[in-house]
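Each remark here refers to the structure printed beneath this line.
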Amino acid sequence: MSASPPIVEMRGVVKRFGDLVALDGADLVVQEREIHALIGENGAGKSTLMNVLYGLYRPDAGTIRLRGQEVRLRSPRDAIASGIGMIHQHFMLIPPLTVAENVVLGDERSGPMLGERRLAARVRELEDRFHISVDPETKVEDLPLGLQQRVEILKVLYRGSELLIFDEPTAVLTPQEVDELFVIVRQLRDEGKTVIFITHKLREVFAVTDRITVLRDGRNAGNLLTKATNASEIARLMVGRDLKPPAARTPVQSSGTALEIRGLQAKSDRGAEALKGIDLTVNAGEILGIAGVSGNGQSELAECILGLHEPTAGTILIGGADIAHDDPKRTRERGVAYVPEDRRAEGLVLAFTVADNFILGKQDHAPFSHRGVLDSDVISANGDRLAKEFDVRPPNARAIVGNLSGGNQQKVVLGRELSEQPKLIVVNQPTRGLDIGSTEYVWERLLEQRARGCAVLLVSSELDEIRALSDRIAVMFEGRLVATLPAAEATEERLGLLMAGHTEGAPA
Amino acid sequence: MTQLQQPATTGPGTESPAPSVGQLTFQWAAGPAIPVLSVAIALVIGAVFVLLSGNDPVAAYSALVQGAFGTPYDITETLVSAIPLVLTGLAVAVAFRTGLFNIGAQGQLLVGALAAGWAGAQFATLPGFLLMPIVILLGITGGAFYGGIVGLLKALRGVNEVITTIMLNYTIVFVMHWLLQAGPMTAQNAFGTPASTPIGAGARLPVIIPNELVLFSRLHAGIFLAALAVVVFWFLLWRTPLGYQLRAVGLGARAAAQAGIDPALHMVLVMAIAGGFAGLGGMIEVSGVFGRVYDGFSSSYGFDAIAVALLGKNSPLGIVFAALLFGAFVHGGAYMQSHAGISSNLVAIIQAFVLFVIAAETLVRSLTRRRHGRKPVEAIA
Amino acid sequence: MTWEMLVGASVLAATLRLATPIALAALGGTMSERSGVVNIALEGSMLVGCFFGVVVADRSHNIWLALAAALLAGLLLAALHAYASITLRADQIVSGMALNILALGLTTYLDYEMYGTTGTPSDLVAVPDLHLTFLNGIPYVGTAIGDQNWIVWVGLLLVAALQVFLFRTVLGLRWRAVGEHPRAAETVGVNVRRMRYAAVLASGALAALGGAYLSLGVAHSFTDGMTGGRGFIGLAAMIFGRWTPVGALGASLIFGYGNALSTSLQGATVGGVRLPVQLLGTLPYILTILAVAGFVGRSRAPAADGLPYETEGHA
Amino acid sequence: MKRILAFSLLAATIVASCASTSTGTPQASGSSPTGQHLKIGLVTDIGGLNDKSFNSLADQGRQQAQAQLLVVTSVTESKQQADYVPNLTKYAQDKNDLVIGVGFLMQNAIWKVATQFPNVKFAIIDGAPTDDAGAVKNLPNVANLFFKEQEAGYIVGVIAATMAKNKVGAAIHNTVCSMGGLPIPPVDRYIAGYQDAVKTVSPTTKILNGYSQDFVDQQKGIEIGKSHIAQGCDILFQVAGGSGLGYIQAAKAAGVYAIGVDADQAAVAPGTVITSALKKVDVAVFQTIRSVRLGTFKAGDNSFNATNDGIGFGTVDAIVPADAKAAATQALADIASGKITPKDTVQVK
């Protein structure tokens, strides 16, 4: 390996955003034909470092060498020309365009006219070569997230990249999809490509990578050979401390049905059958996990309960009353809380202050308003109290929520939703994109609610999360609940098969 | 259930928030320094135009200022010009706050004026304490009705409010021609000025400055209504749950929806409220200035209002200042023409540059923000 | 009221004539917003197009120079908008409003200075009508399209060409990509800023062609504010047409038809009652509202429409 | 400002003694060279100076007075109807000797301001002071300058009817037409006189009328014009300001004839515009200013009509036959002598 210079050698990279130092002299050395993990908590500087390598950010200091040659990457164009490709965490895809159009965009190689059919053929060829399958003529907005990621990979391969950067690629994938991704990644290495794999999930590091660089606070915290290390060592390097063991579950304390759904059907926004007859119950003091690949109807289920989505048939009973056709306001009046999937668009009004977000939905009744007038003293006192109670940082209720980190934004959502002793909480992907610390925090809070006797419907595509929190686990596939298991019987393998629609012969 | 204008997102992340039509979130809270600077820059650019036209900029501007504020009479006239702009400015701003672009203040003002003018003439014999509330109420209701149509079409049929407001502005112009030229409201008066029957004395807003103080001042009690409207605007938006809901819908429609705030309902509400402000403006012009509805009496209040709202950053005080500035341009501009011989169209050019520099102010703002280190939200991961 | 008044060949001919300036403005709006820049200065671009086209026609007596001047004027106004909204990342609505006011003030001012007492000269060179003599014998069609102005045909061609351009060419793909997701476009090497500049400039020139149609093709003169809000109606047609050239044309035709009816129905009676001429004037507007509410409903703007874009590298 | 004043003074002194030759204006010989300079203010209505119609004509009258009489004048354009009162008031406050308001839209405004400034003279074009209730209240300091538009309309109607009847040139369909901006009285009086003449001179001639619903939009005028021409009309009389220019353009494009309005519009389209119905606002303004100068200012109604050259017809194109022109001249004389009284309400709508 020492014979040829490393394909990437970044030394002493510094990047500042105003007063914030995102990278503080970070190094990264990647050898050719290896799968290299770049690991660290959120905010450690992983993405910033990769954006520097990809030409999106210009470093304030430091050097970049590619195969020994010092380069200055001024734009993604430079990076692409140097054989670097990036599979972005937030897909850089254009929803109304087709797969083929997305793949070739910017490098169409077809003269002035597009020639859709020719493009499609060219993309198919590429797919065959790398064993990646997705219909080139479908619009990206009609694809599930797992397939959208393949489009991202195709984009990079189409440009002949030698070095592929995967930025948190598994966040939105099912276990099966993750496995398929790993197959693809290994195939890429075998075809001679080099892969940088950004993640904060230790399991993935051990499953697929050859070598590891750990970042913490914009600096290198360790460079390791995957074979020669273990999970706790990496975790310690990442977090700078030992991790707490997952909270132990106490048995279900109370009984009584909090939510009962019978024969629920609904169409998706595009008019497809999204829910094809859902039956489930959630008891007080119980967490029911809904596992499944995104896009199998989980979001519609959650939204139907809340009243954001109109069911076409079926009943949703809370306290004996059918709320299937109630609007969110009336549903919430029955003690239903909701932690939505996309906290930035759905959970929060980003331009509002923390205090104002804490009263969203509660603004029109006491104690926050009296006779149609807001009580600003109560609102700000409430803001200070909840910000403290839910550990929002900075602990300033007058801060604009859009400026907070993802974890703190989620704390604001939780603070609002959990502070009024709800009877049922519908939670959708509560820890997506959060770092380990914030994830721990969210989990603790949910378990606290359960302990209080609240029913929790937890929708998540993170199996770790489902298994760590749920008392029972229901698996959703194509608009149906294909199985409901006690948590103890739900092995990762079994859940994975169920999520992929294999209901028969699933090993217990 | 409700259609939202939020862009569709692919993965879990979305574009970092950026100001858009619906999200003019900036406020005068940052202080009036930048708008004042913008006006100054615009005046300098305007001066170049005056020079190019072969005139003396100093003479032009001193005439402009003198015309607008030179005598107590001029000051009261500048205020009279500003009053309708305050009301229509509020009408544009309140809709902006809920994420809607209300180009329709013009039409809403006219409907309010027609409704008020009709009531004022129909019940002309009623005493003021009865008639005035009726006229005010009808003005507001008329505007609210016309604005409400826009909200309803948006809520029920998803029709973009820009289309409806533009079309309704034109529609009312022709309806007004009919009503006042050959229709049910047409007055039988000498030489056929197209106008409605005069409103009763009880529907007139009295002049509030006695002749002993300012001779012949027209400044009428409408200024109190305008001031009240500004307070109502502020109170509504920042001190009531409804205002909170309107702002929440404007800044995050989906978040509002899941919290039980129905965006469609609030779009209807806010357009009716906007129309109410504009309609009150129309009523004030009829009751305070004209005493009847003249055909085409407002050629541009509703359009200037967009500039006023934008210049005033959709904030109550900002709108008042912007309306005063535009009122000064209107009244002072006439004097500039008669005394400095400078075309009144140069005033329009200067107004344009004021707005343009205000728009470009975002640059100044973003530069200062960058320096204070507000990092891009997605920069860290 | 007769069928002739509703669907006669001359009504169709008038529809085309009245729709053309709207369609050109809508086309301009479509091109700009497809790239993600809201351009409400279309009205202003039209108006300066009207005016400077006439000025150069008067000075040069060369119709090509006059047309070029019209387009250039619209383009320059749009360039100001592009600079404000792309480079300065200014609020696009505010900038557009400002430029509309500027265009009106400037043209009115210059018109008075240059042609104040006399009006624009009567012997202006003009864009001629295209007489399709071979259609003369054909009933209906001959009247409907046989004597339309050249710019009407150019406008129709542009609709087709731009439809193909946006949806069938490489550049069109990038154009739309920039309007939907500028970051994504930039990460694959598309120059967002350059694309948006091109789009805004093109929109100004297209709107100005609509202006030139009015002053050089139709009126053969200039009067203050002669665009009469057509730029705004074009904006509505763009939205109604779902941000596609063909859709914009369709919307403009509906509007133009309403306008043609308000002429052809003058003097008509319904059930013995004469239609008040003033109310006929509302036809195009009400027809448009009904059309939008009736069979189009909601339409989706390009996702990044109106959002200033910040190139990452400068962060 | 001073520069402008100084220049106009100089110009006024030089020109004041010269005899005027333009537009048949009576000579300014009556002005006293030793008198004080009078201050005159002119307020346009919302049409503005650029309307190429009565505001523009009024301003020409003002400029002519500035050039020929010992007066200092200025003009203010009104941007909104609400500006009329302050614009008139400012001139009165600034001690102008005469303040002229242009247009019937200012009737109430002139009443308001003139009652407040009884020592300032006012004049209003196309109207009379009208109180808040809409009643005409003549004031001792206000001159009401009226025009008999129907007389001007009648005279050009005689030309149109004669040509249509005799099928002169392109006028072969025996059909004449007119277009107003909106059906409001000052517009309709022109059209009424025009139609009255056609019915009188050539009862068989078909008459069409329409409205562009606008005073600015040229394309709307063109569309009405095309529609009229398609119905056989070959003499088009416009009463619609800027929109009317489009009506003339439609005639020009089709090779038929048009008749201008207010000002002499022969230059708009030579060969197309066969004549114009004149409403000599410039003359009225000039004469009113002069009457103040001479001390002959007459409050109350001042009618400008056929008898005092207040209305008339403009340049007659070569295509118009001598008999038509003679008939028009005769009609003018007959109206002046009272033999003919043109109708003032529209018959063919």
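We label chains A, B, ... in the order they appear in the structure tokens, count residues from 1 in each chain, and number ligands from 1 in the order shown.
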
Could you give me, as a tab-separated table, every chain B residue with an atom at most 9 Å from chain D, plus its closest atom pair and distance in Å to one decimal, counting only C-alpha atoms, rows ordered by chain then number?
```
residue	atom	partner	partner_atom	distance
B:Asn55	CA	D:Met1	CA	8.9
B:Asp56	CA	D:Met1	CA	8.4
B:Ala59	CA	D:Met1	CA	7.0
B:Ala60	CA	D:Met1	CA	8.7
B:Asp74	CA	D:Pro86	CA	8.6
B:Glu77	CA	D:Pro86	CA	7.1
B:Val80	CA	D:Ala82	CA	8.9
B:Ser81	CA	D:Ala82	CA	7.9
B:Phe174	CA	D:Gln213	CA	8.1
B:His177	CA	D:Leu182	CA	8.3
B:Gln181	CA	D:Ile184	CA	6.7
B:Ala182	CA	D:Pro183	CA	8.4
B:Ala187	CA	D:Gly134	CA	8.3
B:Gln188	CA	D:Gly134	CA	8.2
B:Asn189	CA	D:Gly134	CA	5.4
B:Ala190	CA	D:Val136	CA	6.7
B:Phe191	CA	D:Pro185	CA	6.7
B:Gly192	CA	D:Pro185	CA	5.7
B:Thr193	CA	D:Leu105	CA	6.0
B:Pro194	CA	D:Ile184	CA	7.2
B:Thr197	CA	D:Ala133	CA	7.8
B:Pro198	CA	D:Ala133	CA	5.7
B:Ile199	CA	D:Ala133	CA	8.4
B:Phe216	CA	D:Gln116	CA	7.3
B:Arg218	CA	D:Pro86	CA	8.6
B:Glu285	CA	D:Ala82	CA	8.3
B:Val289	CA	D:Ala82	CA	7.0
B:Phe290	CA	D:Ala82	CA	7.6
B:Gly291	CA	D:Asp132	CA	6.9
B:Arg292	CA	D:Asp132	CA	8.4
B:Tyr294	CA	D:Gln81	CA	8.4
B:Gly296	CA	D:Gln81	CA	8.2
B:Phe297	CA	D:Gln81	CA	5.4
B:Ser298	CA	D:Gln80	CA	6.5
B:Ser299	CA	D:Gln80	CA	6.5
B:Ser300	CA	D:Gln80	CA	7.9
B:Tyr301	CA	D:Gln80	CA	8.9
B:Val330	CA	D:Lys79	CA	7.6
B:His331	CA	D:Asp83	CA	7.8
B:Ala334	CA	D:Thr76	CA	5.7
B:Tyr335	CA	D:Thr76	CA	7.4
B:Met336	CA	D:Thr76	CA	8.8
B:Gln337	CA	D:Thr76	CA	5.9
B:Ser338	CA	D:Thr76	CA	5.3
B:His339	CA	D:Met1	CA	6.7
B:Ala340	CA	D:Met1	CA	5.0
B:Gly341	CA	D:Met1	CA	7.2
B:Ser343	CA	D:Glu77	CA	8.6
B:Ser344	CA	D:Glu77	CA	7.1
```

Return as JSON, numbers by chain the residues belonging to chain D that are within 10 Å of chain C, counting only C-alpha atoms. {"D": [47, 48, 49, 50, 51, 52, 53, 56, 57, 59, 60, 182, 183, 208, 209, 210, 211, 212, 213, 214, 216, 217, 218, 219, 220, 221, 222, 223, 224, 225, 226, 227, 228, 230, 241, 242, 243, 245, 246, 247, 248, 249, 250, 253, 265, 266, 267, 268, 269, 270, 348, 349]}

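Here atom CA of Val159 of chain B and atom CA of Arg247 of chain B stand 20.8 Å from one another.
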
Could you please tell me, as a CSV table (one decimal) with N, CA, C and O atoms, in the first residue's frame, which residues of chain C have an atom within 12 Å of chain A when using only C-alpha atoms?
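File part01.csv, as written:
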```csv
chain,number,residue,atom,x,y,z
C,164,VAL,N,-40.5,22.9,-26.4
C,164,VAL,CA,-39.5,21.9,-26.8
C,164,VAL,C,-38.2,22.2,-26.0
C,164,VAL,O,-37.6,21.3,-25.4
C,165,PHE,N,-37.8,23.4,-26.0
C,165,PHE,CA,-36.6,23.8,-25.3
C,165,PHE,C,-36.6,23.3,-23.8
C,165,PHE,O,-35.7,22.7,-23.4
C,166,LEU,N,-37.7,23.7,-23.1
C,166,LEU,CA,-37.7,23.4,-21.7
C,166,LEU,C,-37.8,21.9,-21.4
C,166,LEU,O,-37.2,21.4,-20.5
C,167,PHE,N,-38.5,21.2,-22.3
C,167,PHE,CA,-38.8,19.8,-21.9
C,167,PHE,C,-38.1,18.7,-22.8
C,167,PHE,O,-38.2,17.6,-22.5
C,168,ARG,N,-37.4,19.2,-23.8
C,168,ARG,CA,-36.8,18.2,-24.7
C,168,ARG,C,-35.3,18.5,-24.9
C,168,ARG,O,-34.7,17.7,-25.7
C,169,THR,N,-34.7,19.5,-24.4
C,169,THR,CA,-33.3,19.8,-24.6
C,169,THR,C,-32.5,19.7,-23.3
C,169,THR,O,-33.0,19.8,-22.2
C,170,VAL,N,-31.2,19.6,-23.6
C,170,VAL,CA,-30.3,19.5,-22.5
C,170,VAL,C,-30.3,20.8,-21.6
C,170,VAL,O,-30.4,20.7,-20.4
C,171,LEU,N,-30.3,21.9,-22.3
C,171,LEU,CA,-30.3,23.2,-21.6
C,171,LEU,C,-31.6,23.3,-20.8
C,171,LEU,O,-31.6,23.8,-19.7
C,172,GLY,N,-32.7,22.9,-21.4
C,172,GLY,CA,-34.0,23.0,-20.8
C,172,GLY,C,-34.0,22.2,-19.5
C,172,GLY,O,-34.6,22.6,-18.5
C,173,LEU,N,-33.4,21.0,-19.6
C,173,LEU,CA,-33.3,20.1,-18.4
C,173,LEU,C,-32.6,20.9,-17.3
C,173,LEU,O,-33.1,20.9,-16.1
C,174,ARG,N,-31.5,21.5,-17.6
C,174,ARG,CA,-30.7,22.2,-16.6
C,174,ARG,C,-31.5,23.4,-16.1
C,174,ARG,O,-31.5,23.7,-14.9
C,175,TRP,N,-32.2,24.0,-17.0
C,175,TRP,CA,-33.0,25.2,-16.7
C,175,TRP,C,-34.0,24.8,-15.6
C,175,TRP,O,-34.1,25.5,-14.6
C,176,ARG,N,-34.7,23.8,-15.8
C,176,ARG,CA,-35.8,23.3,-14.9
C,176,ARG,C,-35.1,22.9,-13.6
C,176,ARG,O,-35.6,23.1,-12.5
C,177,ALA,N,-34.0,22.2,-13.7
C,177,ALA,CA,-33.3,21.6,-12.5
C,177,ALA,C,-33.0,22.8,-11.6
C,177,ALA,O,-33.1,22.7,-10.3
C,178,VAL,N,-32.5,23.9,-12.1
C,178,VAL,CA,-32.1,25.0,-11.3
C,178,VAL,C,-33.3,25.6,-10.6
C,178,VAL,O,-33.2,26.1,-9.5
C,179,GLY,N,-34.4,25.5,-11.2
C,179,GLY,CA,-35.6,26.1,-10.6
C,179,GLY,C,-36.2,25.2,-9.5
C,179,GLY,O,-36.9,25.6,-8.7
C,180,GLU,N,-35.9,23.9,-9.7
C,180,GLU,CA,-36.5,22.9,-8.7
C,180,GLU,C,-35.6,22.7,-7.5
C,180,GLU,O,-36.1,22.6,-6.4
C,181,HIS,N,-34.3,22.6,-7.8
C,181,HIS,CA,-33.4,22.2,-6.7
C,181,HIS,C,-32.0,22.7,-7.1
C,181,HIS,O,-31.2,21.9,-7.6
C,182,PRO,N,-31.8,24.0,-6.8
C,182,PRO,CA,-30.5,24.6,-7.3
C,182,PRO,C,-29.3,23.9,-6.7
C,182,PRO,O,-28.3,23.7,-7.4
C,183,ARG,N,-29.4,23.5,-5.5
C,183,ARG,CA,-28.2,22.8,-4.9
C,183,ARG,C,-27.9,21.5,-5.6
C,183,ARG,O,-26.7,21.3,-6.0
C,184,ALA,N,-28.9,20.8,-5.9
C,184,ALA,CA,-28.7,19.5,-6.7
C,184,ALA,C,-28.0,19.8,-8.0
C,184,ALA,O,-27.1,19.1,-8.5
C,185,ALA,N,-28.6,20.9,-8.7
C,185,ALA,CA,-28.0,21.2,-10.0
C,185,ALA,C,-26.5,21.6,-9.8
C,185,ALA,O,-25.7,21.2,-10.6
C,186,GLU,N,-26.3,22.4,-8.8
C,186,GLU,CA,-24.9,22.9,-8.6
C,186,GLU,C,-24.0,21.7,-8.3
C,186,GLU,O,-22.8,21.7,-8.8
C,187,THR,N,-24.4,20.8,-7.6
C,187,THR,CA,-23.5,19.7,-7.2
C,187,THR,C,-23.1,18.8,-8.4
C,187,THR,O,-22.1,18.1,-8.4
C,188,VAL,N,-23.9,18.9,-9.5
C,188,VAL,CA,-23.5,18.2,-10.7
C,188,VAL,C,-22.9,19.2,-11.7
C,188,VAL,O,-22.8,18.9,-12.9
C,189,GLY,N,-22.5,20.3,-11.2
C,189,GLY,CA,-21.7,21.2,-12.1
C,189,GLY,C,-22.5,22.2,-12.9
C,189,GLY,O,-22.0,22.9,-13.8
C,190,VAL,N,-23.8,22.3,-12.7
C,190,VAL,CA,-24.6,23.3,-13.4
C,190,VAL,C,-24.4,24.7,-12.8
C,190,VAL,O,-24.5,24.8,-11.6
C,191,ASN,N,-24.1,25.7,-13.6
C,191,ASN,CA,-23.9,27.0,-13.0
C,191,ASN,C,-25.2,27.7,-12.8
C,191,ASN,O,-25.9,28.2,-13.7
C,192,VAL,N,-25.7,27.7,-11.5
C,192,VAL,CA,-27.0,28.1,-11.2
C,192,VAL,C,-27.1,29.6,-11.5
C,192,VAL,O,-28.1,30.1,-12.1
C,300,ARG,N,-48.7,23.6,-9.2
C,300,ARG,CA,-47.5,23.6,-8.3
C,300,ARG,C,-46.4,24.4,-9.0
C,300,ARG,O,-46.0,24.2,-10.1
C,301,ALA,N,-45.9,25.4,-8.3
C,301,ALA,CA,-44.8,26.2,-8.8
C,301,ALA,C,-43.5,25.4,-8.7
C,301,ALA,O,-43.4,24.5,-8.0
C,302,PRO,N,-42.5,25.8,-9.5
C,302,PRO,CA,-41.2,25.2,-9.4
C,302,PRO,C,-40.8,25.3,-7.9
C,302,PRO,O,-41.0,26.3,-7.3
C,303,ALA,N,-40.2,24.2,-7.4
C,303,ALA,CA,-40.0,24.2,-5.9
C,303,ALA,C,-39.1,25.3,-5.4
C,303,ALA,O,-39.3,25.7,-4.3
C,304,ALA,N,-38.2,25.8,-6.1
C,304,ALA,CA,-37.3,26.8,-5.6
C,304,ALA,C,-37.7,28.2,-6.1
C,304,ALA,O,-36.9,29.1,-6.0
C,310,GLU,N,-27.9,30.6,-2.5
C,310,GLU,CA,-26.6,31.0,-2.0
C,310,GLU,C,-25.6,30.0,-2.4
C,310,GLU,O,-25.8,28.8,-2.0
C,311,THR,N,-24.6,30.3,-3.2
C,311,THR,CA,-23.6,29.3,-3.5
C,311,THR,C,-22.9,28.9,-2.3
C,311,THR,O,-22.4,29.7,-1.5
C,312,GLU,N,-22.8,27.6,-2.1
C,312,GLU,CA,-22.2,27.1,-0.9
C,312,GLU,C,-20.7,27.6,-0.7
C,312,GLU,O,-20.3,27.9,0.4
C,313,GLY,N,-20.0,27.6,-1.8
C,313,GLY,CA,-18.6,27.9,-1.7
C,313,GLY,C,-18.2,29.2,-1.0
C,313,GLY,O,-17.1,29.4,-0.5
C,314,HIS,N,-19.2,30.1,-1.0
C,314,HIS,CA,-18.9,31.4,-0.4
C,314,HIS,C,-19.3,31.5,1.0
C,314,HIS,O,-19.2,32.5,1.6
C,315,ALA,N,-19.8,30.4,1.6
C,315,ALA,CA,-20.2,30.4,3.0
C,315,ALA,C,-19.1,30.7,3.9
C,315,ALA,O,-17.9,30.4,3.6
```

With only C-alpha atoms as the counted atoms, please give the residues lying no more than 10 Å from Ile208 of chain B, apart from itself and same-chain residues fewer than 4 positions off, as JSON, numbers by chain. {"B": [217, 218, 219, 220, 221, 222, 223, 224]}

Residue subset to file, keeping C-alpha atoms, as a JSON list (two decimals), in the first residue's frame:
```
[["chain", "number", "residue", "atom", "x", "y", "z"],
["B", 217, "SER", "CA", -57.14, 71.83, 6.27],
["B", 218, "ARG", "CA", -58.85, 68.69, 5.04],
["B", 219, "LEU", "CA", -57.36, 66.48, 7.73],
["B", 220, "HIS", "CA", -60.34, 64.43, 8.82],
["B", 221, "ALA", "CA", -61.22, 62.04, 11.57],
["B", 222, "GLY", "CA", -60.22, 59.19, 9.29],
["B", 223, "ILE", "CA", -56.73, 59.57, 10.69],
["B", 224, "PHE", "CA", -58.04, 58.19, 13.98]]
```

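All of the residues in chain C within 6 Å of chain B are C:Ala84, C:Leu88, C:Ala90, C:Asp91, C:Val94, C:Ser95, C:Ala98, C:Ile101, C:Leu102, C:Gly105, C:Tyr109, C:Ala236, C:Gln278, C:Leu279, C:Gly281, C:Thr282, C:Tyr285, C:Ala293, C:Gly297, C:Arg298, C:Ala303, C:Gly306, C:Leu307, where only C-alpha atoms were counted.
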
Include N, CA, C and O atoms and write out the residues we just selected as a short mmCIF file (atom, residue, chain, number, x, y, z; two decimals), in the first residue's frame.
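Result written to selection10.cif:
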```cif
data_model
loop_
_atom_site.label_atom_id
_atom_site.label_comp_id
_atom_site.auth_asym_id
_atom_site.auth_seq_id
_atom_site.Cartn_x
_atom_site.Cartn_y
_atom_site.Cartn_z
N ALA C 84 -30.37 42.25 -8.83
CA ALA C 84 -30.92 42.36 -7.48
C ALA C 84 -31.25 40.99 -6.91
O ALA C 84 -30.87 40.67 -5.79
N LEU C 88 -27.55 40.01 -5.61
CA LEU C 88 -27.73 40.60 -4.28
C LEU C 88 -28.66 39.77 -3.41
O LEU C 88 -28.82 40.04 -2.24
N ALA C 90 -31.75 39.83 -3.33
CA ALA C 90 -32.78 40.73 -2.81
C ALA C 90 -34.14 40.05 -2.87
O ALA C 90 -34.30 39.02 -3.53
N ASP C 91 -35.09 40.64 -2.18
CA ASP C 91 -36.45 40.12 -2.28
C ASP C 91 -36.96 40.36 -3.69
O ASP C 91 -36.98 41.47 -4.20
N VAL C 94 -40.13 42.68 -4.17
CA VAL C 94 -39.86 44.11 -3.97
C VAL C 94 -39.14 44.66 -5.18
O VAL C 94 -39.50 45.71 -5.73
N SER C 95 -38.12 43.97 -5.59
CA SER C 95 -37.35 44.43 -6.75
C SER C 95 -38.25 44.56 -7.98
O SER C 95 -38.19 45.55 -8.71
N ALA C 98 -40.49 47.55 -7.73
CA ALA C 98 -39.73 48.78 -7.93
C ALA C 98 -39.51 49.03 -9.42
O ALA C 98 -39.66 50.14 -9.92
N ILE C 101 -42.56 50.33 -11.24
CA ILE C 101 -42.78 51.76 -11.01
C ILE C 101 -41.76 52.56 -11.81
O ILE C 101 -42.09 53.58 -12.43
N LEU C 102 -40.52 52.08 -11.80
CA LEU C 102 -39.47 52.78 -12.55
C LEU C 102 -39.83 52.86 -14.03
O LEU C 102 -39.71 53.92 -14.66
N GLY C 105 -42.62 55.39 -14.61
CA GLY C 105 -42.16 56.76 -14.43
C GLY C 105 -41.25 57.20 -15.55
O GLY C 105 -41.39 58.29 -16.13
N TYR C 109 -42.11 59.98 -18.33
CA TYR C 109 -41.27 61.17 -18.30
C TYR C 109 -40.65 61.44 -19.67
O TYR C 109 -40.75 62.54 -20.23
N ALA C 236 -50.60 35.98 -14.30
CA ALA C 236 -51.71 35.09 -13.97
C ALA C 236 -51.80 33.96 -14.99
O ALA C 236 -52.04 32.80 -14.62
N GLN C 278 -70.45 48.69 -19.86
CA GLN C 278 -69.43 48.70 -18.81
C GLN C 278 -69.22 47.30 -18.24
O GLN C 278 -68.09 46.90 -17.96
N LEU C 279 -70.32 46.57 -18.07
CA LEU C 279 -70.18 45.25 -17.47
C LEU C 279 -69.54 44.26 -18.42
O LEU C 279 -68.91 43.30 -18.00
N GLY C 281 -67.02 44.75 -19.96
CA GLY C 281 -65.59 44.85 -19.71
C GLY C 281 -65.08 43.86 -18.69
O GLY C 281 -63.89 43.55 -18.66
N THR C 282 -65.97 43.34 -17.84
CA THR C 282 -65.51 42.39 -16.82
C THR C 282 -65.30 40.99 -17.39
O THR C 282 -64.71 40.14 -16.72
N TYR C 285 -61.90 38.99 -17.27
CA TYR C 285 -61.42 38.71 -15.92
C TYR C 285 -62.23 37.63 -15.24
O TYR C 285 -61.71 36.72 -14.60
N ALA C 293 -60.76 28.41 -11.54
CA ALA C 293 -61.45 27.73 -10.45
C ALA C 293 -62.12 26.46 -10.94
O ALA C 293 -62.20 25.46 -10.24
N GLY C 297 -57.75 24.32 -10.97
CA GLY C 297 -57.44 24.13 -9.56
C GLY C 297 -55.99 24.42 -9.29
O GLY C 297 -55.37 25.24 -9.95
N ARG C 298 -55.48 23.70 -8.33
CA ARG C 298 -54.15 24.06 -7.86
C ARG C 298 -53.07 23.66 -8.85
O ARG C 298 -53.18 22.66 -9.56
N ALA C 303 -40.16 24.23 -7.38
CA ALA C 303 -39.96 24.16 -5.93
C ALA C 303 -39.12 25.30 -5.38
O ALA C 303 -39.32 25.74 -4.27
N GLY C 306 -38.61 31.73 -6.43
CA GLY C 306 -38.63 32.88 -5.54
C GLY C 306 -37.62 32.79 -4.40
O GLY C 306 -37.48 33.73 -3.64
N LEU C 307 -36.93 31.67 -4.30
CA LEU C 307 -35.95 31.54 -3.22
C LEU C 307 -34.57 31.95 -3.71
O LEU C 307 -34.06 31.38 -4.67
#
```

Give me, as a ChimeraX atom specification, all polymer residues having an atom no more than 6 Å from segment 407-416 of chain A, counting only C-alpha atoms and skipping those fewer than 5 positions away in the same chain. /A:358,390,392,434,438
